[in-house]
>>> print(open('query_20.cif').read())   # mmCIF, N, CA and C atoms
data_run
#
loop_
_atom_site.label_atom_id
_atom_site.label_comp_id
_atom_site.auth_asym_id
_atom_site.auth_seq_id
_atom_site.Cartn_x
_atom_site.Cartn_y
_atom_site.Cartn_z
N MET A 1 92.27 89.70 -16.80
CA MET A 1 91.54 88.63 -17.45
C MET A 1 91.11 87.55 -16.45
N ASP A 2 91.99 87.24 -15.51
CA ASP A 2 91.67 86.22 -14.53
C ASP A 2 90.50 86.64 -13.64
N ARG A 3 90.45 87.92 -13.31
CA ARG A 3 89.38 88.43 -12.45
C ARG A 3 88.02 88.30 -13.14
N ALA A 4 87.96 88.61 -14.42
CA ALA A 4 86.71 88.49 -15.18
C ALA A 4 86.28 87.02 -15.25
N ASN A 5 87.23 86.14 -15.46
CA ASN A 5 86.93 84.72 -15.52
C ASN A 5 86.41 84.21 -14.18
N LEU A 6 87.03 84.67 -13.10
CA LEU A 6 86.60 84.28 -11.76
C LEU A 6 85.18 84.77 -11.49
N ASN A 7 84.87 86.01 -11.85
CA ASN A 7 83.53 86.55 -11.64
C ASN A 7 82.49 85.79 -12.45
N SER A 8 82.82 85.43 -13.68
CA SER A 8 81.85 84.68 -14.49
C SER A 8 81.63 83.28 -13.92
N GLN A 9 82.67 82.66 -13.39
CA GLN A 9 82.51 81.35 -12.75
C GLN A 9 81.65 81.46 -11.50
N LEU A 10 81.86 82.50 -10.73
CA LEU A 10 81.07 82.71 -9.52
C LEU A 10 79.60 82.95 -9.86
N GLU A 11 79.33 83.76 -10.87
CA GLU A 11 77.95 83.99 -11.30
C GLU A 11 77.30 82.71 -11.78
N HIS A 12 78.06 81.88 -12.47
CA HIS A 12 77.52 80.60 -12.94
C HIS A 12 77.15 79.71 -11.75
N LEU A 13 78.03 79.62 -10.76
CA LEU A 13 77.75 78.83 -9.57
C LEU A 13 76.52 79.35 -8.82
N GLN A 14 76.42 80.66 -8.71
CA GLN A 14 75.30 81.25 -7.98
C GLN A 14 73.98 81.02 -8.70
N SER A 15 73.99 80.98 -10.01
CA SER A 15 72.76 80.70 -10.74
C SER A 15 72.41 79.22 -10.69
N LYS A 16 73.42 78.36 -10.60
CA LYS A 16 73.20 76.92 -10.61
C LYS A 16 72.79 76.39 -9.23
N TYR A 17 73.42 76.90 -8.19
CA TYR A 17 73.16 76.41 -6.83
C TYR A 17 72.64 77.56 -5.96
N VAL A 18 71.43 77.39 -5.44
CA VAL A 18 70.80 78.43 -4.64
C VAL A 18 71.58 78.72 -3.37
N GLY A 19 72.13 77.71 -2.75
CA GLY A 19 72.80 77.86 -1.46
C GLY A 19 74.09 78.65 -1.48
N THR A 20 74.65 78.94 -2.66
CA THR A 20 75.90 79.67 -2.71
C THR A 20 75.70 81.15 -2.45
N GLY A 21 74.47 81.64 -2.54
CA GLY A 21 74.18 83.04 -2.26
C GLY A 21 74.63 83.98 -3.35
N HIS A 22 74.39 85.25 -3.12
CA HIS A 22 74.80 86.31 -4.03
C HIS A 22 74.95 87.59 -3.23
N ALA A 23 75.21 88.68 -3.88
CA ALA A 23 75.48 89.94 -3.18
C ALA A 23 74.28 90.42 -2.36
N ASP A 24 73.08 90.09 -2.79
CA ASP A 24 71.87 90.57 -2.10
C ASP A 24 71.31 89.56 -1.10
N THR A 25 72.00 88.49 -0.85
CA THR A 25 71.53 87.50 0.11
C THR A 25 71.63 88.05 1.52
N SER A 26 70.50 87.99 2.23
CA SER A 26 70.49 88.49 3.61
C SER A 26 71.04 87.42 4.55
N LYS A 27 71.32 87.83 5.76
CA LYS A 27 71.84 86.92 6.77
C LYS A 27 70.80 85.83 7.06
N TYR A 28 69.54 86.21 7.08
CA TYR A 28 68.46 85.25 7.35
C TYR A 28 68.38 84.21 6.23
N GLU A 29 68.40 84.66 4.96
CA GLU A 29 68.32 83.74 3.83
C GLU A 29 69.51 82.78 3.83
N TRP A 30 70.69 83.28 4.14
CA TRP A 30 71.87 82.43 4.18
C TRP A 30 71.72 81.37 5.28
N GLY A 31 71.22 81.78 6.44
CA GLY A 31 71.02 80.84 7.54
C GLY A 31 69.99 79.78 7.22
N VAL A 32 68.91 80.19 6.54
CA VAL A 32 67.87 79.23 6.15
C VAL A 32 68.44 78.21 5.16
N ASN A 33 69.19 78.68 4.17
CA ASN A 33 69.79 77.76 3.20
C ASN A 33 70.75 76.80 3.89
N GLN A 34 71.54 77.31 4.80
CA GLN A 34 72.51 76.47 5.52
C GLN A 34 71.79 75.41 6.34
N ALA A 35 70.75 75.80 7.07
CA ALA A 35 70.02 74.85 7.92
C ALA A 35 69.31 73.80 7.07
N ARG A 36 68.67 74.22 5.98
CA ARG A 36 67.97 73.26 5.13
C ARG A 36 68.93 72.27 4.48
N ASP A 37 70.08 72.75 4.06
CA ASP A 37 71.08 71.84 3.50
C ASP A 37 71.54 70.82 4.54
N THR A 38 71.73 71.28 5.76
CA THR A 38 72.15 70.39 6.84
C THR A 38 71.08 69.34 7.13
N TYR A 39 69.83 69.77 7.26
CA TYR A 39 68.74 68.84 7.53
C TYR A 39 68.56 67.84 6.39
N ALA A 40 68.68 68.31 5.15
CA ALA A 40 68.56 67.41 4.00
C ALA A 40 69.67 66.36 4.02
N SER A 41 70.86 66.77 4.43
CA SER A 41 71.97 65.82 4.53
C SER A 41 71.69 64.79 5.62
N TYR A 42 71.15 65.22 6.74
CA TYR A 42 70.81 64.29 7.81
C TYR A 42 69.80 63.25 7.33
N VAL A 43 68.75 63.71 6.65
CA VAL A 43 67.71 62.80 6.18
C VAL A 43 68.26 61.85 5.13
N GLY A 44 69.18 62.30 4.33
CA GLY A 44 69.73 61.48 3.26
C GLY A 44 70.76 60.46 3.70
N HIS A 45 71.29 60.59 4.89
CA HIS A 45 72.31 59.65 5.38
C HIS A 45 71.72 58.80 6.51
N TYR A 46 71.43 57.56 6.18
CA TYR A 46 70.78 56.66 7.12
C TYR A 46 71.55 56.48 8.43
N PRO A 47 72.86 56.36 8.41
CA PRO A 47 73.57 56.21 9.70
C PRO A 47 73.37 57.41 10.63
N MET A 48 73.29 58.61 10.07
CA MET A 48 73.04 59.79 10.91
C MET A 48 71.64 59.71 11.52
N MET A 49 70.67 59.28 10.71
CA MET A 49 69.30 59.15 11.23
C MET A 49 69.26 58.09 12.34
N SER A 50 69.98 57.00 12.16
CA SER A 50 70.03 55.96 13.20
C SER A 50 70.65 56.51 14.48
N TYR A 51 71.70 57.29 14.34
CA TYR A 51 72.36 57.87 15.50
C TYR A 51 71.42 58.81 16.25
N PHE A 52 70.73 59.70 15.50
CA PHE A 52 69.80 60.64 16.14
C PHE A 52 68.65 59.88 16.80
N ALA A 53 68.14 58.85 16.14
CA ALA A 53 67.04 58.07 16.71
C ALA A 53 67.47 57.39 18.01
N LEU A 54 68.66 56.87 18.01
CA LEU A 54 69.18 56.22 19.22
C LEU A 54 69.37 57.24 20.34
N ALA A 55 69.93 58.38 20.02
CA ALA A 55 70.19 59.41 21.03
C ALA A 55 68.90 59.99 21.60
N GLU A 56 67.86 60.10 20.76
CA GLU A 56 66.59 60.67 21.21
C GLU A 56 65.60 59.61 21.69
N ASN A 57 65.98 58.33 21.59
CA ASN A 57 65.11 57.22 21.96
C ASN A 57 63.78 57.30 21.20
N GLU A 58 63.86 57.55 19.91
CA GLU A 58 62.70 57.62 19.03
C GLU A 58 62.92 56.69 17.85
N SER A 59 61.85 56.43 17.12
CA SER A 59 62.01 55.63 15.90
C SER A 59 62.66 56.48 14.82
N ILE A 60 63.25 55.81 13.84
CA ILE A 60 63.91 56.53 12.76
C ILE A 60 62.88 57.34 11.96
N ALA A 61 61.70 56.77 11.76
CA ALA A 61 60.65 57.48 11.02
C ALA A 61 60.24 58.76 11.76
N ARG A 62 60.15 58.71 13.08
CA ARG A 62 59.76 59.90 13.86
C ARG A 62 60.84 60.97 13.77
N VAL A 63 62.09 60.57 13.86
CA VAL A 63 63.19 61.53 13.75
C VAL A 63 63.20 62.16 12.36
N LYS A 64 62.98 61.34 11.34
CA LYS A 64 62.94 61.84 9.97
C LYS A 64 61.79 62.84 9.81
N PHE A 65 60.64 62.52 10.39
CA PHE A 65 59.50 63.43 10.34
C PHE A 65 59.81 64.75 11.04
N ASN A 66 60.41 64.67 12.23
CA ASN A 66 60.73 65.89 12.99
C ASN A 66 61.72 66.78 12.23
N ILE A 67 62.73 66.17 11.63
CA ILE A 67 63.72 66.95 10.89
C ILE A 67 63.08 67.57 9.65
N THR A 68 62.21 66.81 8.98
CA THR A 68 61.52 67.35 7.81
C THR A 68 60.61 68.52 8.20
N GLU A 69 59.98 68.44 9.35
CA GLU A 69 59.15 69.54 9.84
C GLU A 69 59.98 70.79 10.12
N LYS A 70 61.19 70.59 10.63
CA LYS A 70 62.08 71.72 10.92
C LYS A 70 62.49 72.46 9.65
N MET A 71 62.43 71.79 8.53
CA MET A 71 62.87 72.39 7.27
C MET A 71 61.92 73.48 6.79
N VAL A 72 60.71 73.53 7.31
CA VAL A 72 59.74 74.54 6.88
C VAL A 72 60.24 75.94 7.24
N GLN A 73 60.53 76.17 8.49
CA GLN A 73 61.09 77.44 8.95
C GLN A 73 62.22 77.14 9.93
N PRO A 74 63.40 76.79 9.41
CA PRO A 74 64.48 76.35 10.29
C PRO A 74 65.03 77.45 11.19
N CYS A 75 64.89 78.70 10.80
CA CYS A 75 65.45 79.81 11.58
C CYS A 75 64.35 80.71 12.14
N GLY A 76 63.15 80.17 12.27
CA GLY A 76 62.04 80.96 12.77
C GLY A 76 61.40 81.79 11.67
N PRO A 77 60.44 82.61 12.03
CA PRO A 77 59.76 83.43 11.01
C PRO A 77 60.72 84.45 10.41
N PRO A 78 60.52 84.78 9.14
CA PRO A 78 61.42 85.75 8.50
C PRO A 78 61.28 87.14 9.13
N PRO A 79 62.36 87.90 9.14
CA PRO A 79 62.28 89.25 9.70
C PRO A 79 61.44 90.16 8.80
N GLU A 80 60.95 91.22 9.38
CA GLU A 80 60.16 92.18 8.60
C GLU A 80 61.06 92.87 7.60
N ARG A 81 60.51 93.07 6.41
CA ARG A 81 61.28 93.72 5.34
C ARG A 81 61.21 95.24 5.48
N ARG A 82 62.34 95.86 5.23
CA ARG A 82 62.39 97.32 5.22
C ARG A 82 62.48 97.77 3.76
N ASP A 83 61.43 98.36 3.26
CA ASP A 83 61.44 98.80 1.86
C ASP A 83 61.64 100.28 1.73
#
>>> encode(input="query_20.cif", output="structure tokens")
Amino acid sequence: MDRANLNSQLEHLQSKYVGTGHADTSKYEWGVNQARDTYASYVGHYPMMSYFALAENESIARVKFNITEKMVQPCGPPPERRD
């Protein structure tokens, strides 16, 4: 009974949150989700943006723009699909 309950909870989490993945999630998709979550966290936390701006000697707006641009394809182009 506990195993069925655990599986139903896991399925619920996977349907609710994209980043949790599922059985068919590829390594590339998982990496993209991980990178986008990280970049979104950076943009959402002002002290991190200030730190990056200071380290890169750029304005906070420029750093925010650069990180947002990285979110388009954070792990490079997707690999070719094998059907």
>>> residues_around(input="query_20.cif", residues="Lys70 of chain A", least_positions_apart="4", cutoff="10 Å", atoms="only C-alpha atoms", output="JSON, numbers by chain")
{"A": [35, 36, 39, 64, 65, 66, 74, 75, 76]}
>>> atom_distance(input="query_20.cif", atom1="atom CA of Ala40 of chain A", atom2="atom CA of Phe52 of chain A")
14.0 Å
>>> atom_distance(input="query_20.cif", atom1="atom CA of Trp30 of chain A", atom2="atom C of Gln14 of chain A")
13.1 Å
>>> atom_distance(input="query_20.cif", atom1="atom C of Val32 of chain A", atom2="atom C of Arg62 of chain A")
20.7 Å
>>> select_by_dssp(input="query_20.cif", residues="segment 14-78 of chain A", states="helix (DSSP H, G or I)", output="ChimeraX atom specification")
/A:14-16,18-20,27-44,46-56,60-70
